[in-house]
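J.: Sharing work_22.cif (mmCIF, N, CA and C atoms) below.
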```cif
data_query
loop_
_atom_site.label_atom_id
_atom_site.label_comp_id
_atom_site.auth_asym_id
_atom_site.auth_seq_id
_atom_site.Cartn_x
_atom_site.Cartn_y
_atom_site.Cartn_z
N MET A 17 -10.47 -11.01 -14.91
CA MET A 17 -10.33 -11.67 -13.63
C MET A 17 -8.93 -11.40 -13.08
N PRO A 18 -8.84 -10.88 -11.87
CA PRO A 18 -7.52 -10.58 -11.33
C PRO A 18 -6.68 -11.84 -11.13
N THR A 19 -5.38 -11.67 -11.34
CA THR A 19 -4.46 -12.80 -11.17
C THR A 19 -3.93 -12.86 -9.74
N PHE A 20 -3.85 -11.73 -9.08
CA PHE A 20 -3.28 -11.58 -7.74
C PHE A 20 -1.78 -11.84 -7.68
N ASP A 21 -1.14 -12.11 -8.83
CA ASP A 21 0.31 -12.31 -8.81
C ASP A 21 1.02 -11.79 -10.06
N ASP A 22 0.29 -11.16 -10.97
CA ASP A 22 0.89 -10.57 -12.17
C ASP A 22 0.49 -9.10 -12.23
N PRO A 23 1.33 -8.22 -11.68
CA PRO A 23 0.94 -6.80 -11.60
C PRO A 23 0.70 -6.15 -12.95
N GLN A 24 1.39 -6.58 -13.98
CA GLN A 24 1.19 -5.97 -15.30
C GLN A 24 -0.20 -6.29 -15.83
N VAL A 25 -0.60 -7.53 -15.74
CA VAL A 25 -1.92 -7.94 -16.23
C VAL A 25 -3.01 -7.28 -15.38
N ASP A 26 -2.84 -7.30 -14.06
CA ASP A 26 -3.85 -6.73 -13.18
C ASP A 26 -3.97 -5.22 -13.37
N ALA A 27 -2.86 -4.53 -13.61
CA ALA A 27 -2.90 -3.08 -13.84
C ALA A 27 -3.63 -2.77 -15.15
N ARG A 28 -3.37 -3.55 -16.20
CA ARG A 28 -4.09 -3.36 -17.47
C ARG A 28 -5.58 -3.56 -17.28
N GLU A 29 -5.93 -4.61 -16.55
CA GLU A 29 -7.35 -4.92 -16.32
C GLU A 29 -8.02 -3.82 -15.49
N ALA A 30 -7.32 -3.32 -14.47
CA ALA A 30 -7.87 -2.25 -13.64
C ALA A 30 -8.08 -0.99 -14.48
N ALA A 31 -7.11 -0.65 -15.32
CA ALA A 31 -7.23 0.53 -16.17
C ALA A 31 -8.43 0.39 -17.11
N GLU A 32 -8.60 -0.78 -17.68
CA GLU A 32 -9.72 -1.02 -18.59
C GLU A 32 -11.05 -0.94 -17.85
N ALA A 33 -11.08 -1.48 -16.63
CA ALA A 33 -12.31 -1.41 -15.83
C ALA A 33 -12.65 0.04 -15.49
N LEU A 34 -11.65 0.85 -15.15
CA LEU A 34 -11.90 2.26 -14.85
C LEU A 34 -12.32 3.02 -16.10
N ARG A 35 -11.77 2.63 -17.23
CA ARG A 35 -12.20 3.24 -18.50
C ARG A 35 -13.67 2.94 -18.73
N GLY A 36 -14.07 1.70 -18.49
CA GLY A 36 -15.48 1.32 -18.62
C GLY A 36 -16.36 2.10 -17.66
N LEU A 37 -15.89 2.26 -16.42
CA LEU A 37 -16.65 3.01 -15.43
C LEU A 37 -16.80 4.47 -15.85
N ALA A 38 -15.74 5.04 -16.40
CA ALA A 38 -15.81 6.43 -16.86
C ALA A 38 -16.90 6.59 -17.92
N HIS A 39 -17.01 5.64 -18.81
CA HIS A 39 -18.06 5.70 -19.84
C HIS A 39 -19.44 5.42 -19.24
N ALA A 40 -19.51 4.46 -18.33
CA ALA A 40 -20.80 4.06 -17.77
C ALA A 40 -21.41 5.13 -16.87
N THR A 41 -20.59 6.02 -16.34
CA THR A 41 -21.12 7.05 -15.44
C THR A 41 -21.41 8.37 -16.14
N ILE A 42 -21.31 8.41 -17.44
CA ILE A 42 -21.66 9.64 -18.16
C ILE A 42 -23.11 10.01 -17.84
N THR A 43 -23.99 9.05 -17.93
CA THR A 43 -25.39 9.22 -17.56
C THR A 43 -25.80 8.02 -16.74
N ILE A 44 -26.29 8.28 -15.54
CA ILE A 44 -26.76 7.20 -14.68
C ILE A 44 -28.28 7.33 -14.59
N GLU A 45 -28.97 6.38 -15.19
CA GLU A 45 -30.43 6.43 -15.27
C GLU A 45 -31.08 6.28 -13.90
N ASP A 46 -30.58 5.38 -13.08
CA ASP A 46 -31.15 5.15 -11.76
C ASP A 46 -30.22 5.76 -10.72
N PRO A 47 -30.58 6.90 -10.13
CA PRO A 47 -29.68 7.56 -9.19
C PRO A 47 -29.36 6.72 -7.95
N ARG A 48 -30.16 5.70 -7.67
CA ARG A 48 -29.87 4.82 -6.54
C ARG A 48 -28.56 4.07 -6.74
N ALA A 49 -28.13 3.91 -7.97
CA ALA A 49 -26.89 3.20 -8.28
C ALA A 49 -25.65 4.00 -7.87
N MET A 50 -25.80 5.30 -7.73
CA MET A 50 -24.64 6.15 -7.46
C MET A 50 -23.97 5.83 -6.12
N TYR A 51 -24.75 5.47 -5.11
CA TYR A 51 -24.17 5.19 -3.80
C TYR A 51 -23.24 3.98 -3.88
N GLU A 52 -23.68 2.92 -4.54
CA GLU A 52 -22.82 1.74 -4.67
C GLU A 52 -21.59 2.04 -5.51
N VAL A 53 -21.75 2.81 -6.57
CA VAL A 53 -20.61 3.18 -7.41
C VAL A 53 -19.60 3.96 -6.57
N MET A 54 -20.07 4.91 -5.76
CA MET A 54 -19.15 5.69 -4.92
C MET A 54 -18.45 4.79 -3.90
N GLY A 55 -19.16 3.83 -3.34
CA GLY A 55 -18.54 2.92 -2.39
C GLY A 55 -17.43 2.11 -3.02
N ASN A 56 -17.67 1.64 -4.23
CA ASN A 56 -16.64 0.88 -4.94
C ASN A 56 -15.49 1.77 -5.38
N LEU A 57 -15.78 3.00 -5.74
CA LEU A 57 -14.73 3.95 -6.10
C LEU A 57 -13.88 4.27 -4.87
N LEU A 58 -14.51 4.39 -3.71
CA LEU A 58 -13.80 4.61 -2.46
C LEU A 58 -12.85 3.44 -2.19
N ALA A 59 -13.33 2.23 -2.34
CA ALA A 59 -12.48 1.06 -2.15
C ALA A 59 -11.33 1.05 -3.15
N SER A 60 -11.61 1.41 -4.39
CA SER A 60 -10.58 1.45 -5.42
C SER A 60 -9.51 2.47 -5.08
N THR A 61 -9.92 3.61 -4.55
CA THR A 61 -8.97 4.65 -4.17
C THR A 61 -8.06 4.16 -3.04
N ARG A 62 -8.63 3.42 -2.11
CA ARG A 62 -7.82 2.85 -1.02
C ARG A 62 -6.77 1.90 -1.60
N TYR A 63 -7.19 1.09 -2.55
CA TYR A 63 -6.24 0.16 -3.17
C TYR A 63 -5.17 0.90 -3.96
N LEU A 64 -5.56 1.97 -4.66
CA LEU A 64 -4.58 2.74 -5.43
C LEU A 64 -3.53 3.37 -4.51
N ALA A 65 -3.96 3.85 -3.34
CA ALA A 65 -3.00 4.40 -2.37
C ALA A 65 -2.04 3.30 -1.94
N GLN A 66 -2.55 2.11 -1.70
CA GLN A 66 -1.70 0.99 -1.31
C GLN A 66 -0.74 0.63 -2.42
N VAL A 67 -1.22 0.58 -3.64
CA VAL A 67 -0.37 0.22 -4.79
C VAL A 67 0.75 1.24 -4.97
N THR A 68 0.43 2.54 -4.91
CA THR A 68 1.49 3.54 -5.11
C THR A 68 2.53 3.45 -4.00
N ASP A 69 2.10 3.20 -2.77
CA ASP A 69 3.05 3.03 -1.67
C ASP A 69 3.92 1.79 -1.89
N GLN A 70 3.32 0.71 -2.33
CA GLN A 70 4.08 -0.52 -2.58
C GLN A 70 5.04 -0.37 -3.75
N LEU A 71 4.65 0.41 -4.75
CA LEU A 71 5.57 0.68 -5.86
C LEU A 71 6.79 1.45 -5.37
N ALA A 72 6.56 2.41 -4.46
CA ALA A 72 7.69 3.15 -3.88
C ALA A 72 8.60 2.20 -3.12
N GLN A 73 8.03 1.32 -2.32
CA GLN A 73 8.82 0.35 -1.56
C GLN A 73 9.62 -0.57 -2.48
N ASN A 74 9.01 -0.99 -3.59
CA ASN A 74 9.70 -1.87 -4.52
C ASN A 74 10.81 -1.16 -5.26
N HIS A 75 10.64 0.13 -5.55
CA HIS A 75 11.74 0.90 -6.14
C HIS A 75 12.93 0.92 -5.19
N HIS A 76 12.66 1.17 -3.92
CA HIS A 76 13.72 1.21 -2.91
C HIS A 76 14.38 -0.16 -2.76
N ARG A 77 13.56 -1.20 -2.69
CA ARG A 77 14.06 -2.56 -2.49
C ARG A 77 14.97 -3.02 -3.64
N ASN A 78 14.70 -2.56 -4.83
CA ASN A 78 15.45 -3.01 -6.00
C ASN A 78 16.47 -1.99 -6.51
N ALA A 79 16.77 -0.99 -5.70
CA ALA A 79 17.66 0.10 -6.13
C ALA A 79 19.04 -0.40 -6.56
N ALA A 80 19.55 -1.42 -5.93
CA ALA A 80 20.89 -1.92 -6.27
C ALA A 80 20.97 -2.49 -7.68
N ARG A 81 19.84 -2.85 -8.25
CA ARG A 81 19.81 -3.43 -9.60
C ARG A 81 19.63 -2.39 -10.69
N ALA A 82 19.46 -1.12 -10.31
CA ALA A 82 19.08 -0.08 -11.27
C ALA A 82 20.27 0.55 -11.96
N THR A 83 20.06 0.89 -13.22
CA THR A 83 20.99 1.67 -14.01
C THR A 83 20.16 2.42 -15.04
N THR A 84 20.73 3.39 -15.71
CA THR A 84 20.01 4.08 -16.77
C THR A 84 20.21 3.32 -18.08
N ASP A 85 19.56 3.79 -19.13
CA ASP A 85 19.75 3.19 -20.45
C ASP A 85 21.19 3.33 -20.92
N HIS A 86 21.92 4.30 -20.35
CA HIS A 86 23.32 4.52 -20.72
C HIS A 86 24.29 3.85 -19.75
N GLY A 87 23.76 3.04 -18.82
CA GLY A 87 24.62 2.30 -17.91
C GLY A 87 25.12 3.09 -16.71
N ASP A 88 24.40 4.13 -16.32
CA ASP A 88 24.83 4.98 -15.21
C ASP A 88 24.03 4.66 -13.94
N PRO A 89 24.63 3.88 -13.02
CA PRO A 89 23.89 3.52 -11.80
C PRO A 89 23.68 4.69 -10.84
N LEU A 90 24.59 5.68 -10.84
CA LEU A 90 24.41 6.83 -9.96
C LEU A 90 23.22 7.69 -10.39
N ALA A 91 23.11 7.90 -11.68
CA ALA A 91 21.97 8.64 -12.20
C ALA A 91 20.67 7.88 -11.95
N ALA A 92 20.75 6.55 -12.02
CA ALA A 92 19.58 5.73 -11.75
C ALA A 92 19.12 5.89 -10.31
N ARG A 93 20.06 6.00 -9.39
CA ARG A 93 19.68 6.18 -7.97
C ARG A 93 18.93 7.49 -7.77
N THR A 94 19.37 8.54 -8.48
CA THR A 94 18.67 9.82 -8.41
C THR A 94 17.26 9.68 -8.98
N LEU A 95 17.15 8.98 -10.09
CA LEU A 95 15.84 8.75 -10.70
C LEU A 95 14.94 7.95 -9.77
N ILE A 96 15.50 6.95 -9.11
CA ILE A 96 14.73 6.15 -8.17
C ILE A 96 14.24 7.01 -7.02
N SER A 97 15.10 7.84 -6.49
CA SER A 97 14.72 8.73 -5.40
C SER A 97 13.58 9.65 -5.81
N ASP A 98 13.70 10.21 -7.01
CA ASP A 98 12.65 11.09 -7.53
C ASP A 98 11.34 10.33 -7.74
N ALA A 99 11.45 9.11 -8.27
CA ALA A 99 10.26 8.29 -8.49
C ALA A 99 9.59 7.95 -7.16
N ILE A 100 10.39 7.59 -6.17
CA ILE A 100 9.85 7.27 -4.84
C ILE A 100 9.13 8.48 -4.25
N ASP A 101 9.75 9.65 -4.34
CA ASP A 101 9.11 10.87 -3.83
C ASP A 101 7.77 11.12 -4.53
N ALA A 102 7.76 10.97 -5.84
CA ALA A 102 6.53 11.20 -6.59
C ALA A 102 5.46 10.16 -6.25
N LEU A 103 5.86 8.91 -6.09
CA LEU A 103 4.91 7.86 -5.71
C LEU A 103 4.34 8.10 -4.32
N ARG A 104 5.17 8.53 -3.40
CA ARG A 104 4.68 8.81 -2.04
C ARG A 104 3.74 10.02 -2.05
N SER A 105 4.04 10.99 -2.89
CA SER A 105 3.15 12.14 -3.04
C SER A 105 1.81 11.69 -3.62
N ALA A 106 1.86 10.83 -4.61
CA ALA A 106 0.62 10.29 -5.20
C ALA A 106 -0.18 9.53 -4.16
N SER A 107 0.52 8.74 -3.35
CA SER A 107 -0.16 7.98 -2.30
C SER A 107 -0.84 8.91 -1.31
N ALA A 108 -0.17 9.99 -0.93
CA ALA A 108 -0.76 10.96 -0.01
C ALA A 108 -1.98 11.62 -0.63
N ARG A 109 -1.92 11.90 -1.91
CA ARG A 109 -3.07 12.51 -2.60
C ARG A 109 -4.22 11.52 -2.71
N MET A 110 -3.89 10.26 -2.89
CA MET A 110 -4.94 9.22 -2.89
C MET A 110 -5.62 9.17 -1.53
N ASP A 111 -4.83 9.31 -0.47
CA ASP A 111 -5.41 9.34 0.88
C ASP A 111 -6.36 10.53 1.03
N GLN A 112 -5.98 11.68 0.46
CA GLN A 112 -6.86 12.85 0.50
C GLN A 112 -8.13 12.59 -0.31
N ALA A 113 -7.97 12.00 -1.48
CA ALA A 113 -9.13 11.67 -2.31
C ALA A 113 -10.04 10.68 -1.58
N GLU A 114 -9.43 9.73 -0.89
CA GLU A 114 -10.21 8.76 -0.13
C GLU A 114 -11.06 9.46 0.92
N GLY A 115 -10.47 10.43 1.62
CA GLY A 115 -11.20 11.18 2.62
C GLY A 115 -12.38 11.93 2.02
N SER A 116 -12.16 12.56 0.88
CA SER A 116 -13.23 13.29 0.20
C SER A 116 -14.33 12.35 -0.28
N LEU A 117 -13.93 11.22 -0.85
CA LEU A 117 -14.92 10.24 -1.30
C LEU A 117 -15.70 9.66 -0.13
N ASP A 118 -15.03 9.47 1.00
CA ASP A 118 -15.70 8.95 2.18
C ASP A 118 -16.76 9.96 2.66
N GLN A 119 -16.41 11.24 2.65
CA GLN A 119 -17.39 12.27 3.02
C GLN A 119 -18.56 12.29 2.05
N ALA A 120 -18.26 12.23 0.76
CA ALA A 120 -19.32 12.23 -0.25
C ALA A 120 -20.22 11.01 -0.08
N SER A 121 -19.62 9.87 0.18
CA SER A 121 -20.40 8.65 0.37
C SER A 121 -21.30 8.77 1.60
N GLY A 122 -20.77 9.35 2.68
CA GLY A 122 -21.57 9.55 3.89
C GLY A 122 -22.77 10.44 3.63
N LYS A 123 -22.56 11.51 2.88
CA LYS A 123 -23.67 12.41 2.55
C LYS A 123 -24.66 11.74 1.59
N ALA A 124 -24.13 11.06 0.58
CA ALA A 124 -25.00 10.40 -0.40
C ALA A 124 -25.81 9.28 0.25
N GLY A 125 -25.25 8.67 1.28
CA GLY A 125 -25.97 7.60 1.97
C GLY A 125 -27.20 8.08 2.71
N GLN A 126 -27.33 9.39 2.87
CA GLN A 126 -28.50 9.96 3.55
C GLN A 126 -29.59 10.40 2.57
N ILE A 127 -29.32 10.22 1.28
CA ILE A 127 -30.27 10.64 0.25
C ILE A 127 -31.19 9.47 -0.09
N ALA A 128 -32.49 9.74 -0.10
CA ALA A 128 -33.47 8.75 -0.54
C ALA A 128 -33.98 9.19 -1.92
N TRP A 129 -33.74 8.38 -2.91
CA TRP A 129 -34.15 8.72 -4.28
C TRP A 129 -35.55 8.17 -4.54
N LYS A 130 -36.43 9.04 -4.99
CA LYS A 130 -37.78 8.61 -5.34
C LYS A 130 -37.74 7.88 -6.67
N PRO A 131 -38.57 6.86 -6.81
CA PRO A 131 -38.61 6.20 -8.11
C PRO A 131 -39.17 7.14 -9.18
N ASP A 132 -38.75 6.92 -10.40
CA ASP A 132 -39.23 7.72 -11.51
C ASP A 132 -40.73 7.48 -11.67
N ASP A 133 -41.50 8.55 -11.77
CA ASP A 133 -42.96 8.44 -11.91
C ASP A 133 -43.31 8.46 -13.39
N PRO A 134 -43.70 7.31 -13.94
CA PRO A 134 -43.98 7.26 -15.38
C PRO A 134 -45.16 8.14 -15.79
N GLN A 135 -46.04 8.54 -14.85
CA GLN A 135 -47.18 9.39 -15.20
C GLN A 135 -46.76 10.82 -15.48
N HIS A 136 -45.57 11.20 -15.03
CA HIS A 136 -45.13 12.58 -15.23
C HIS A 136 -44.05 12.71 -16.30
N ARG A 137 -43.96 11.72 -17.14
CA ARG A 137 -43.00 11.81 -18.25
C ARG A 137 -43.63 12.58 -19.40
N TRP A 138 -42.81 13.35 -20.06
CA TRP A 138 -43.26 14.10 -21.22
C TRP A 138 -43.00 13.26 -22.47
N VAL A 139 -43.96 13.25 -23.33
CA VAL A 139 -43.80 12.54 -24.59
C VAL A 139 -43.94 13.58 -25.69
N SER A 140 -42.99 13.58 -26.58
CA SER A 140 -43.00 14.51 -27.69
C SER A 140 -43.55 13.79 -28.92
N ILE A 141 -44.62 14.31 -29.45
CA ILE A 141 -45.25 13.70 -30.62
C ILE A 141 -45.20 14.70 -31.76
N VAL A 142 -44.71 14.27 -32.88
CA VAL A 142 -44.63 15.13 -34.06
C VAL A 142 -45.57 14.56 -35.10
N PHE A 143 -46.47 15.43 -35.64
CA PHE A 143 -47.39 15.00 -36.69
C PHE A 143 -46.96 15.53 -38.03
#
```
Could you take the file, read its structure, and then write that structure out as structure tokens?
T.:
Amino acid sequence: MPTFDDPQVDAREAAEALRGLAHATITIEDPRAMYEVMGNLLASTRYLAQVTDQLAQNHHRNAARATTDHGDPLAARTLISDAIDALRSASARMDQAEGSLDQASGKAGQIAWKPDDPQHRWVSIVF
């Protein structure tokens, strides 16, 4: 259950949920489920873009408090700048992924999946 105020706990929970989704989508028995899964993945990607952007903002906001493990605040500022650049790049890539997922969802939304016909299943019998 999300806390909405503890980013460490919520990030762990999100990672675990995505791990579960990765396993659950290895084989999807009912193809009708794929559209909803893609919609939720699209929403998740939007949130990930927001999170990476907010992490960049928080690095900038807290820059005055930063130092390295060796006590070097100037080196820490360089590291912060590099981290911000990388986070903004990640956010931009999430935006691209969101666009691709949105296209996939639009196409998938036009697919009508026929129910599985139990009369046409093959049964293997060994004597």
J.: Determine, counting only C-alpha atoms, which protein, DNA and RNA residues have an atom within 10 Å of an atom of A:Asp118; residues of the same chain fewer than 6 positions away are not included. Present the result as a PyMOL selection string.
T.: chain A and resi 54-55+57-59+112+124
J.: Run DSSP on the backbone and grab whatever in chain A lands in helix (DSSP H, G or I); send it over as a ChimeraX atom specification.
T.: /A:23-40,49-77,79-81,89-124,134-136
J.: Pick out the residues sitting within 7 Å of stretch 93-107 of chain A, and hand them over as a ChimeraX atom specification; count only C-alpha atoms, and ignore anything fewer than 5 positions along from it in its own chain.
T.: /A:65,68-69,72,75,79
J.: Would you work out the distance separating atom CA of A:Gly115 from atom CA of A:Met50, expressed in Å to one decimal?
T.: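 So the answer is 17.5 Å.
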J.: Could you work out how far atom N of A:Ile44 lies from atom CA of A:Ala128, giving the answer in Å with one decimal?
T.: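 A separation of 16.6 Å between them.
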J.: Which residue, A:Met110, A:Pro131, A:Pro23, A:Gly122, has the smallest gap to A:Thr61 when you use only C-alpha atoms?
T.: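 Nearest candidate to A:Thr61 out of A:Met110, A:Pro131, A:Pro23, A:Gly122: A:Met110.
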J.: Which of these, A:Met17, A:Val67, A:Val53, A:Ala33, has the shortest distance to A:Ala108 once you count only C-alpha atoms?
T.: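 Of all the options, A:Val67 lies closest to A:Ala108.
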J.: By how many Å are atom N of A:Tyr63 and atom N of A:Leu117 apart?
T.: 12.3 Å
J.: Tell me, as a ChimeraX atom specification, which residues lie within 10 Å of A:Ala30, counting only C-alpha atoms; anything in the same chain fewer than 6 positions away does not count.
T.: /A:17-18,24,36,60
J.: Which one is closest to A:Asp46: A:His76, A:Asp111, A:Asp132, A:Gly87? Count all atoms listed in the file.
T.: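 Nearest to A:Asp46: A:Asp132.
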